[in-house]
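Text of the file input.txt, holding compact mmCIF, C-alpha atoms:
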# COMPACT_ATOMS: atom_id res chain seq x y z
CA MET A 1295 22.38 -7.41 3.95
CA THR A 1296 22.22 -10.69 5.87
CA GLY A 1297 25.87 -11.65 6.22
CA ASP A 1298 27.21 -11.37 2.66
CA ARG A 1299 23.83 -12.05 1.09
CA PRO A 1300 21.49 -9.26 -0.05
CA ALA A 1301 18.10 -9.27 1.63
CA ARG A 1302 15.39 -10.84 -0.51
CA VAL A 1303 12.58 -8.38 -1.33
CA LEU A 1304 9.14 -8.86 -2.84
CA VAL A 1305 7.63 -5.78 -4.45
CA THR A 1306 3.88 -5.93 -5.04
CA ASN A 1307 0.94 -3.53 -5.31
CA ASP A 1308 -2.79 -3.34 -5.95
CA ASP A 1309 -2.71 -1.06 -9.02
CA GLY A 1310 -1.38 -3.81 -11.27
CA VAL A 1311 2.07 -4.98 -12.35
CA LEU A 1312 2.30 -2.36 -15.13
CA ALA A 1313 1.45 0.64 -12.92
CA PRO A 1314 4.21 3.27 -12.74
CA GLY A 1315 4.46 3.28 -8.95
CA ILE A 1316 5.65 -0.32 -8.72
CA ARG A 1317 8.53 0.39 -11.11
CA TRP A 1318 9.76 3.23 -8.94
CA LEU A 1319 9.52 1.19 -5.76
CA ALA A 1320 11.30 -1.80 -7.30
CA ARG A 1321 14.04 0.49 -8.60
CA ALA A 1322 14.52 2.03 -5.14
CA ALA A 1323 15.10 -1.41 -3.64
CA TYR A 1324 17.25 -2.67 -6.54
CA GLU A 1325 19.51 0.40 -6.50
CA ARG A 1326 20.15 -0.20 -2.79
CA GLY A 1327 21.60 -3.61 -3.58
CA LEU A 1328 18.67 -5.75 -2.51
CA ASP A 1329 17.63 -9.00 -4.20
CA VAL A 1330 14.34 -7.90 -5.77
CA VAL A 1331 11.48 -9.83 -7.33
CA VAL A 1332 8.24 -8.20 -8.47
CA ALA A 1333 4.94 -10.07 -8.31
CA ALA A 1334 1.72 -8.10 -8.56
CA PRO A 1335 -1.82 -8.46 -9.85
CA ARG A 1336 -1.98 -8.58 -13.61
CA SER A 1337 -4.88 -6.11 -13.43
CA GLU A 1338 -6.01 -3.59 -10.84
CA ALA A 1339 -7.02 -5.06 -7.49
CA SER A 1340 -7.65 -1.92 -5.42
CA GLY A 1341 -9.82 -2.11 -2.33
CA MET A 1342 -9.17 -5.82 -1.83
CA SER A 1343 -7.80 -5.44 1.71
CA ALA A 1344 -6.09 -8.75 2.60
CA ALA A 1345 -8.46 -10.87 0.50
CA LEU A 1346 -7.19 -14.26 -0.63
CA SER A 1347 -8.78 -14.67 -4.04
CA ALA A 1348 -7.50 -15.60 -7.47
CA VAL A 1349 -8.56 -16.53 -10.96
CA THR A 1350 -7.75 -20.21 -11.31
CA ASP A 1351 -7.54 -22.70 -14.14
CA ASP A 1352 -8.34 -26.18 -12.91
CA GLY A 1353 -7.30 -25.06 -9.43
CA ARG A 1354 -4.04 -23.49 -10.58
CA VAL A 1355 -3.24 -19.84 -9.85
CA MET A 1356 -1.90 -18.50 -13.13
CA PHE A 1357 0.98 -16.05 -13.55
CA THR A 1358 3.11 -14.84 -16.45
CA GLN A 1359 6.58 -13.37 -16.50
CA THR A 1360 6.83 -9.80 -17.71
CA GLU A 1361 9.43 -7.04 -17.79
CA LEU A 1362 9.34 -3.68 -16.08
CA VAL A 1363 10.38 -0.72 -18.21
CA GLY A 1364 13.93 0.25 -17.27
CA LEU A 1365 14.41 -2.76 -14.97
CA PRO A 1366 15.26 -5.73 -17.19
CA GLU A 1367 17.43 -7.18 -14.39
CA VAL A 1368 14.47 -7.57 -12.02
CA PRO A 1369 12.23 -10.62 -12.56
CA ALA A 1370 8.57 -9.59 -12.64
CA TYR A 1371 5.34 -11.56 -12.71
CA GLY A 1372 1.74 -10.62 -13.39
CA VAL A 1373 -0.41 -12.83 -11.17
CA ALA A 1374 -4.13 -13.57 -11.41
CA ALA A 1375 -4.54 -13.00 -7.67
CA THR A 1376 -5.04 -10.34 -5.03
CA PRO A 1377 -2.05 -8.62 -3.38
CA GLY A 1378 -2.56 -10.46 -0.09
CA TYR A 1379 -2.64 -13.81 -1.87
CA ILE A 1380 0.52 -12.87 -3.78
CA ALA A 1381 2.29 -12.10 -0.48
CA ILE A 1382 1.40 -15.57 0.76
CA LEU A 1383 2.52 -17.22 -2.49
CA ALA A 1384 5.85 -15.39 -2.28
CA GLY A 1385 6.29 -16.57 1.31
CA LEU A 1386 5.82 -20.13 0.05
CA GLY A 1387 8.68 -19.71 -2.41
CA VAL A 1388 6.56 -19.51 -5.58
CA PHE A 1389 8.61 -16.63 -7.03
CA GLY A 1390 12.01 -17.71 -5.73
CA PRO A 1391 13.41 -17.62 -2.20
CA PRO A 1392 10.84 -16.36 0.34
CA PRO A 1393 11.24 -12.62 0.96
CA GLU A 1394 12.52 -11.09 4.15
CA LEU A 1395 11.05 -7.74 3.16
CA VAL A 1396 7.79 -7.00 1.36
CA LEU A 1397 7.27 -3.60 -0.26
CA SER A 1398 3.77 -2.76 -1.45
CA GLY A 1399 3.04 0.20 -3.72
CA ILE A 1400 3.64 2.88 -4.68
CA ASN A 1401 -0.13 3.29 -4.61
CA ARG A 1402 -1.92 5.96 -6.63
CA GLY A 1403 -3.63 7.75 -3.76
CA ALA A 1404 -3.07 7.97 -0.03
CA ASN A 1405 -3.85 5.01 2.22
CA ALA A 1406 -4.40 6.77 5.52
CA GLY A 1407 -6.57 6.68 8.60
CA HIS A 1408 -8.61 3.70 9.66
CA ALA A 1409 -9.66 3.27 6.03
CA ILE A 1410 -6.42 1.33 5.51
CA LEU A 1411 -8.54 -1.66 6.53
CA HIS A 1412 -9.85 -1.72 2.95
CA SER A 1413 -6.58 -1.10 1.12
CA GLY A 1414 -5.08 -3.84 -1.03
CA THR A 1415 -1.72 -2.06 -0.74
CA VAL A 1416 -1.74 -2.18 3.05
CA GLY A 1417 -3.44 -5.59 3.02
CA ALA A 1418 -0.45 -7.14 1.26
CA ALA A 1419 1.94 -5.61 3.80
CA LEU A 1420 -0.12 -6.78 6.77
CA THR A 1421 -0.43 -10.26 5.32
CA ALA A 1422 3.35 -10.43 4.93
CA GLY A 1423 3.86 -9.12 8.47
CA ASN A 1424 1.46 -11.71 9.80
CA SER A 1425 3.82 -14.34 8.39
CA GLY A 1426 6.87 -12.78 10.04
CA ALA A 1427 8.25 -10.70 7.16
CA ARG A 1428 9.03 -7.02 7.58
CA ALA A 1429 6.85 -4.93 5.31
CA LEU A 1430 6.34 -1.40 4.04
CA ALA A 1431 3.25 -0.06 2.27
CA VAL A 1432 3.90 3.12 0.25
CA SER A 1433 1.32 5.51 -1.18
CA LEU A 1434 1.45 8.80 -3.07
CA ASP A 1435 -1.14 11.34 -1.94
CA VAL A 1436 -2.36 12.47 -5.35
CA LEU A 1437 -4.96 14.76 -3.75
CA SER A 1438 -2.32 17.00 -2.15
CA PRO A 1439 -1.53 19.26 -5.13
CA ALA A 1440 -5.21 20.07 -5.62
CA ALA A 1441 -5.32 21.61 -2.13
CA ALA A 1442 -8.81 20.21 -2.06
CA SER A 1443 -11.27 21.34 0.54
CA ALA A 1444 -14.06 19.22 1.91
CA GLY A 1445 -16.52 21.50 0.15
CA SER A 1446 -15.26 20.88 -3.37
CA GLY A 1447 -17.91 18.24 -3.90
CA GLY A 1448 -15.43 15.62 -5.05
CA ALA A 1449 -14.06 17.78 -7.87
CA ALA A 1450 -10.49 17.13 -6.72
CA ILE A 1451 -11.11 13.41 -7.06
CA ASP A 1452 -12.61 13.76 -10.52
CA VAL A 1453 -9.56 15.62 -11.80
CA LEU A 1454 -7.24 12.73 -10.92
CA ASP A 1455 -8.14 10.91 -14.12
CA THR A 1456 -7.09 13.89 -16.23
CA VAL A 1457 -3.49 13.81 -14.99
CA ASP A 1458 -0.84 11.67 -16.68
CA ASP A 1459 0.21 9.18 -14.01
CA GLU A 1460 3.72 9.01 -15.41
CA ALA A 1461 4.12 12.70 -14.56
CA ARG A 1462 3.49 12.24 -10.85
CA HIS A 1463 6.27 12.48 -8.27
CA TRP A 1464 6.84 8.76 -7.78
CA SER A 1465 10.53 9.41 -7.23
CA THR A 1466 9.76 11.40 -4.08
CA ALA A 1467 7.92 8.49 -2.50
CA ALA A 1468 10.47 5.95 -3.75
CA ASP A 1469 13.35 7.90 -2.21
CA LEU A 1470 11.65 8.17 1.18
CA ALA A 1471 10.81 4.47 1.10
CA GLY A 1472 14.43 3.69 0.28
CA ARG A 1473 15.62 5.68 3.28
CA LEU A 1474 13.43 3.60 5.58
CA LEU A 1475 14.72 0.26 4.29
CA PRO A 1476 17.91 0.04 6.44
CA TRP A 1477 15.84 0.59 9.60
CA LEU A 1478 13.17 -1.84 8.47
CA ARG A 1479 15.70 -4.60 7.71
CA ASP A 1480 16.85 -4.46 11.34
CA ALA A 1481 13.36 -4.15 12.87
CA ASP A 1482 11.61 -6.96 14.70
CA ALA A 1483 10.11 -9.69 12.56
CA GLY A 1484 6.56 -8.83 11.58
CA THR A 1485 7.08 -5.05 11.68
CA VAL A 1486 4.79 -3.26 9.21
CA LEU A 1487 5.05 0.41 8.24
CA ASN A 1488 2.57 2.50 6.26
CA LEU A 1489 4.13 5.46 4.42
CA ASN A 1490 2.15 8.25 2.75
CA VAL A 1491 3.95 10.88 0.70
CA PRO A 1492 2.66 14.11 -0.88
CA ASP A 1493 2.69 14.22 -4.68
CA LEU A 1494 5.33 16.94 -4.68
CA PRO A 1495 8.96 17.39 -5.71
CA ALA A 1496 11.27 16.15 -2.97
CA ASP A 1497 12.47 19.63 -2.08
CA ARG A 1498 8.89 20.73 -1.42
CA VAL A 1499 8.08 17.97 1.06
CA ALA A 1500 8.28 19.53 4.53
CA GLY A 1501 9.76 16.41 6.14
CA LEU A 1502 8.88 12.96 7.44
CA ARG A 1503 6.78 12.56 10.58
CA GLN A 1504 5.68 9.50 12.54
CA ALA A 1505 1.91 9.64 12.76
CA ALA A 1506 -1.11 8.05 14.32
CA LEU A 1507 -3.92 6.80 12.11
CA ALA A 1508 -6.66 9.34 11.54
CA PRO A 1509 -10.08 8.18 12.76
CA PHE A 1510 -11.39 8.42 9.20
CA GLY A 1511 -10.16 7.98 5.64
CA GLN A 1512 -9.28 10.59 3.05
CA VAL A 1513 -12.35 9.70 1.02
CA GLN A 1514 -15.69 8.20 1.90
CA VAL A 1515 -18.30 6.22 0.04
CA ALA A 1516 -21.47 8.13 -0.79
CA VAL A 1517 -24.70 7.21 -2.55
CA ALA A 1518 -24.68 8.87 -5.97
CA GLU A 1519 -27.92 7.40 -7.26
CA ARG A 1520 -30.53 4.97 -6.05
CA GLY A 1521 -33.52 3.36 -7.67
CA HIS A 1522 -35.71 0.30 -7.57
CA GLY A 1523 -33.41 -2.65 -6.88
CA TYR A 1524 -30.11 -0.81 -7.38
CA VAL A 1525 -27.75 1.76 -5.93
CA ARG A 1526 -24.76 3.53 -7.46
CA THR A 1527 -21.97 4.73 -5.18
CA ALA A 1528 -19.15 7.20 -5.59
CA PHE A 1529 -16.10 8.32 -3.63
CA GLU A 1530 -16.07 11.81 -2.15
CA GLU A 1531 -13.58 13.76 -0.08
CA ASN A 1532 -14.13 13.27 3.62
CA GLY A 1533 -15.36 16.40 5.34
CA ALA A 1534 -14.29 15.32 8.81
CA ARG A 1535 -12.00 17.60 10.80
CA ARG A 1536 -8.30 16.74 10.65
CA VAL A 1537 -6.91 15.47 13.94
CA PRO A 1538 -3.44 16.87 14.81
CA GLY A 1539 -0.65 14.29 14.82
CA THR A 1540 -2.43 11.92 12.46
CA ASP A 1541 -1.35 10.86 9.00
CA LEU A 1542 -3.99 12.95 7.23
CA ALA A 1543 -3.11 16.04 9.27
CA TRP A 1544 0.59 15.75 8.41
CA LEU A 1545 -0.19 15.22 4.73
CA ALA A 1546 -2.35 18.34 4.73
CA GLU A 1547 0.64 20.31 6.05
CA GLY A 1548 2.94 19.03 3.31
CA TYR A 1549 4.73 16.32 5.33
CA ALA A 1550 5.17 12.65 4.54
CA ALA A 1551 3.73 10.46 7.27
CA VAL A 1552 4.80 7.01 8.45
CA THR A 1553 2.79 4.83 10.81
CA ALA A 1554 3.62 1.49 12.39
CA VAL A 1555 0.54 -0.71 11.96
CA ARG A 1556 -0.46 -4.26 12.81
CA ALA A 1557 -2.96 -6.82 11.65
CA LEU A 1558 -6.12 -7.49 13.59
CA GLY A 1559 -5.66 -9.19 16.95
CA ASP A 1560 -7.63 -10.09 20.04
CA LEU A 1561 -8.40 -7.66 22.87
CA PRO A 1562 -7.52 -9.60 26.05
CA ASP A 1563 -8.54 -6.76 28.37
CA LEU A 1564 -12.11 -6.57 27.07
CA VAL A 1565 -14.33 -8.88 29.13
CA VAL A 1566 -17.39 -10.18 27.30
CA PRO A 1567 -20.18 -11.70 29.45
CA THR A 1568 -20.62 -15.34 28.47
CA ALA A 1569 -23.03 -16.63 31.13
CA GLY A 1570 -26.37 -17.46 29.58
CA ALA A 1571 -24.98 -17.33 26.05
CA GLY A 1572 -25.48 -20.95 25.17
CA GLY A 1573 -23.64 -22.51 28.08
CA PRO A 1574 -21.93 -21.88 31.41
CA ALA A 1575 -19.41 -19.07 31.79
CA VAL A 1576 -15.82 -20.16 31.29
CA GLY A 1577 -12.82 -18.59 33.03

Please lay out the structure from this file as structure tokens.
Amino acid sequence: MTGDRPARVLVTNDDGVLAPGIRWLARAAYERGLDVVVAAPRSEASGMSAALSAVTDDGRVMFTQTELVGLPEVPAYGVAATPGYIAILAGLGVFGPPPELVLSGINRGANAGHAILHSGTVGAALTAGNSGARALAVSLDVLSPAAASAGSGGAAIDVLDTVDDEARHWSTAADLAGRLLPWLRDADAGTVLNLNVPDLPADRVAGLRQAALAPFGQVQVAVAERGHGYVRTAFEENGARRVPGTDLAWLAEGYAAVTAVRALGDLPDLVVPTAGAGGPAVG
């Protein structure tokens, strides 16, 4: 709450406005008395990072009002734009008062390690944080129940499409996200958290741990087929060793992991030689 006024919250994602995870995340915020609006891509926009792209009609970014199952009280919009662009539009007041909090997710699949650079879920949160909002990206680690090893040849990834998404443990991730909201509301402006939760019943999650980013992602891109003038890629489980204390290591042990992250910035302590590079050295 800000005084007597509920905090304004944007809920977005990269799986699309009709994905089950966004309903659970919006419900978690709404049931905690927050002023919630949902605006998310009208179709899947995974892997978009913080891209600012949209389908336009004569220069206009199009969106339509929709309704989330079980949440008729929460206004929701399907937008022909990427999650990062939607976060910017919300900050400009397109969907009502600009949000103080931005929640992104719940994503189908972990967003962990340095691979978060490519995540549309995390990209929306970082974009919001870059504008001064407090933000939380939430993901459900759907690989956890498979207890997949690096040697399974991607079989654990293939089986994901055979599972009914509605049957996943979205409520576990939504509840943990809800518990973080009071702290996040009081955090410094621009604070961004990345939360990854095992796809398990709440009573089987070992706990919540603050984590560093793993030096790799949970999956990696591999060449599945190549030929004259073309290549076909696929995602495979990453065979790299888990590093203790990182998000992927905690997930492997059955814990949820939360990491404070930030958008790209300059490195003032790294000195780059400039003499002879097109002009005299400066500074």

At a cut-off of 9 Å, using all atoms listed in the file, what residues contact region 1535-1549 of chain A? Leave out same-chain residues fewer than 3 positions from it and give the result as a PDB file with C-alpha atoms, in the frame of the given file.
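Here's the written file out22.pdb:
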ATOM      1  CA  ALA A1404      -3.070   7.970  -0.030  1.00  0.00           C
ATOM      2  CA  ALA A1406      -4.400   6.770   5.520  1.00  0.00           C
ATOM      3  CA  GLY A1407      -6.570   6.680   8.600  1.00  0.00           C
ATOM      4  CA  ASP A1435      -1.140  11.340  -1.940  1.00  0.00           C
ATOM      5  CA  SER A1438      -2.320  17.000  -2.150  1.00  0.00           C
ATOM      6  CA  ALA A1441      -5.320  21.610  -2.130  1.00  0.00           C
ATOM      7  CA  LEU A1489       4.130   5.460   4.420  1.00  0.00           C
ATOM      8  CA  ASN A1490       2.150   8.250   2.750  1.00  0.00           C
ATOM      9  CA  VAL A1491       3.950  10.880   0.700  1.00  0.00           C
ATOM     10  CA  PRO A1492       2.660  14.110  -0.880  1.00  0.00           C
ATOM     11  CA  LEU A1494       5.330  16.940  -4.680  1.00  0.00           C
ATOM     12  CA  ARG A1498       8.890  20.730  -1.420  1.00  0.00           C
ATOM     13  CA  VAL A1499       8.080  17.970   1.060  1.00  0.00           C
ATOM     14  CA  ALA A1500       8.280  19.530   4.530  1.00  0.00           C
ATOM     15  CA  GLY A1501       9.760  16.410   6.140  1.00  0.00           C
ATOM     16  CA  LEU A1502       8.880  12.960   7.440  1.00  0.00           C
ATOM     17  CA  ARG A1503       6.780  12.560  10.580  1.00  0.00           C
ATOM     18  CA  GLN A1504       5.680   9.500  12.540  1.00  0.00           C
ATOM     19  CA  ALA A1505       1.910   9.640  12.760  1.00  0.00           C
ATOM     20  CA  ALA A1506      -1.110   8.050  14.320  1.00  0.00           C
ATOM     21  CA  LEU A1507      -3.920   6.800  12.110  1.00  0.00           C
ATOM     22  CA  ALA A1508      -6.660   9.340  11.540  1.00  0.00           C
ATOM     23  CA  PRO A1509     -10.080   8.180  12.760  1.00  0.00           C
ATOM     24  CA  PHE A1510     -11.390   8.420   9.200  1.00  0.00           C
ATOM     25  CA  GLY A1511     -10.160   7.980   5.640  1.00  0.00           C
ATOM     26  CA  GLN A1512      -9.280  10.590   3.050  1.00  0.00           C
ATOM     27  CA  ASN A1532     -14.130  13.270   3.620  1.00  0.00           C
ATOM     28  CA  VAL A1552       4.800   7.010   8.450  1.00  0.00           C
ATOM     29  CA  THR A1553       2.790   4.830  10.810  1.00  0.00           C
TER      30      THR A1553
END

Just give me the gap between CA of Pro1335 (chain A) and CA of Ala1375 (chain A) in Å, one decimal is fine.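 Between CA of Pro1335 (chain A) and CA of Ala1375 (chain A) the gap works out to 5.7 Å.
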
So, with only C-alpha atoms as the atoms that count, which of A:Val1396, A:Ile1410, A:Leu1474, A:Val1332 lies closest to Pro1369 (chain A)? A:Val1332

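The two atoms in question, CA of Ala1301 (chain A) and CA of Pro1392 (chain A), are spaced 10.2 Å apart.
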
Looking at all atoms listed in the file, which of A:Ala1334, A:Glu1361, A:Ala1409, A:Leu1395 is the one that sits closest to Ala1374 (chain A)? A:Ala1334
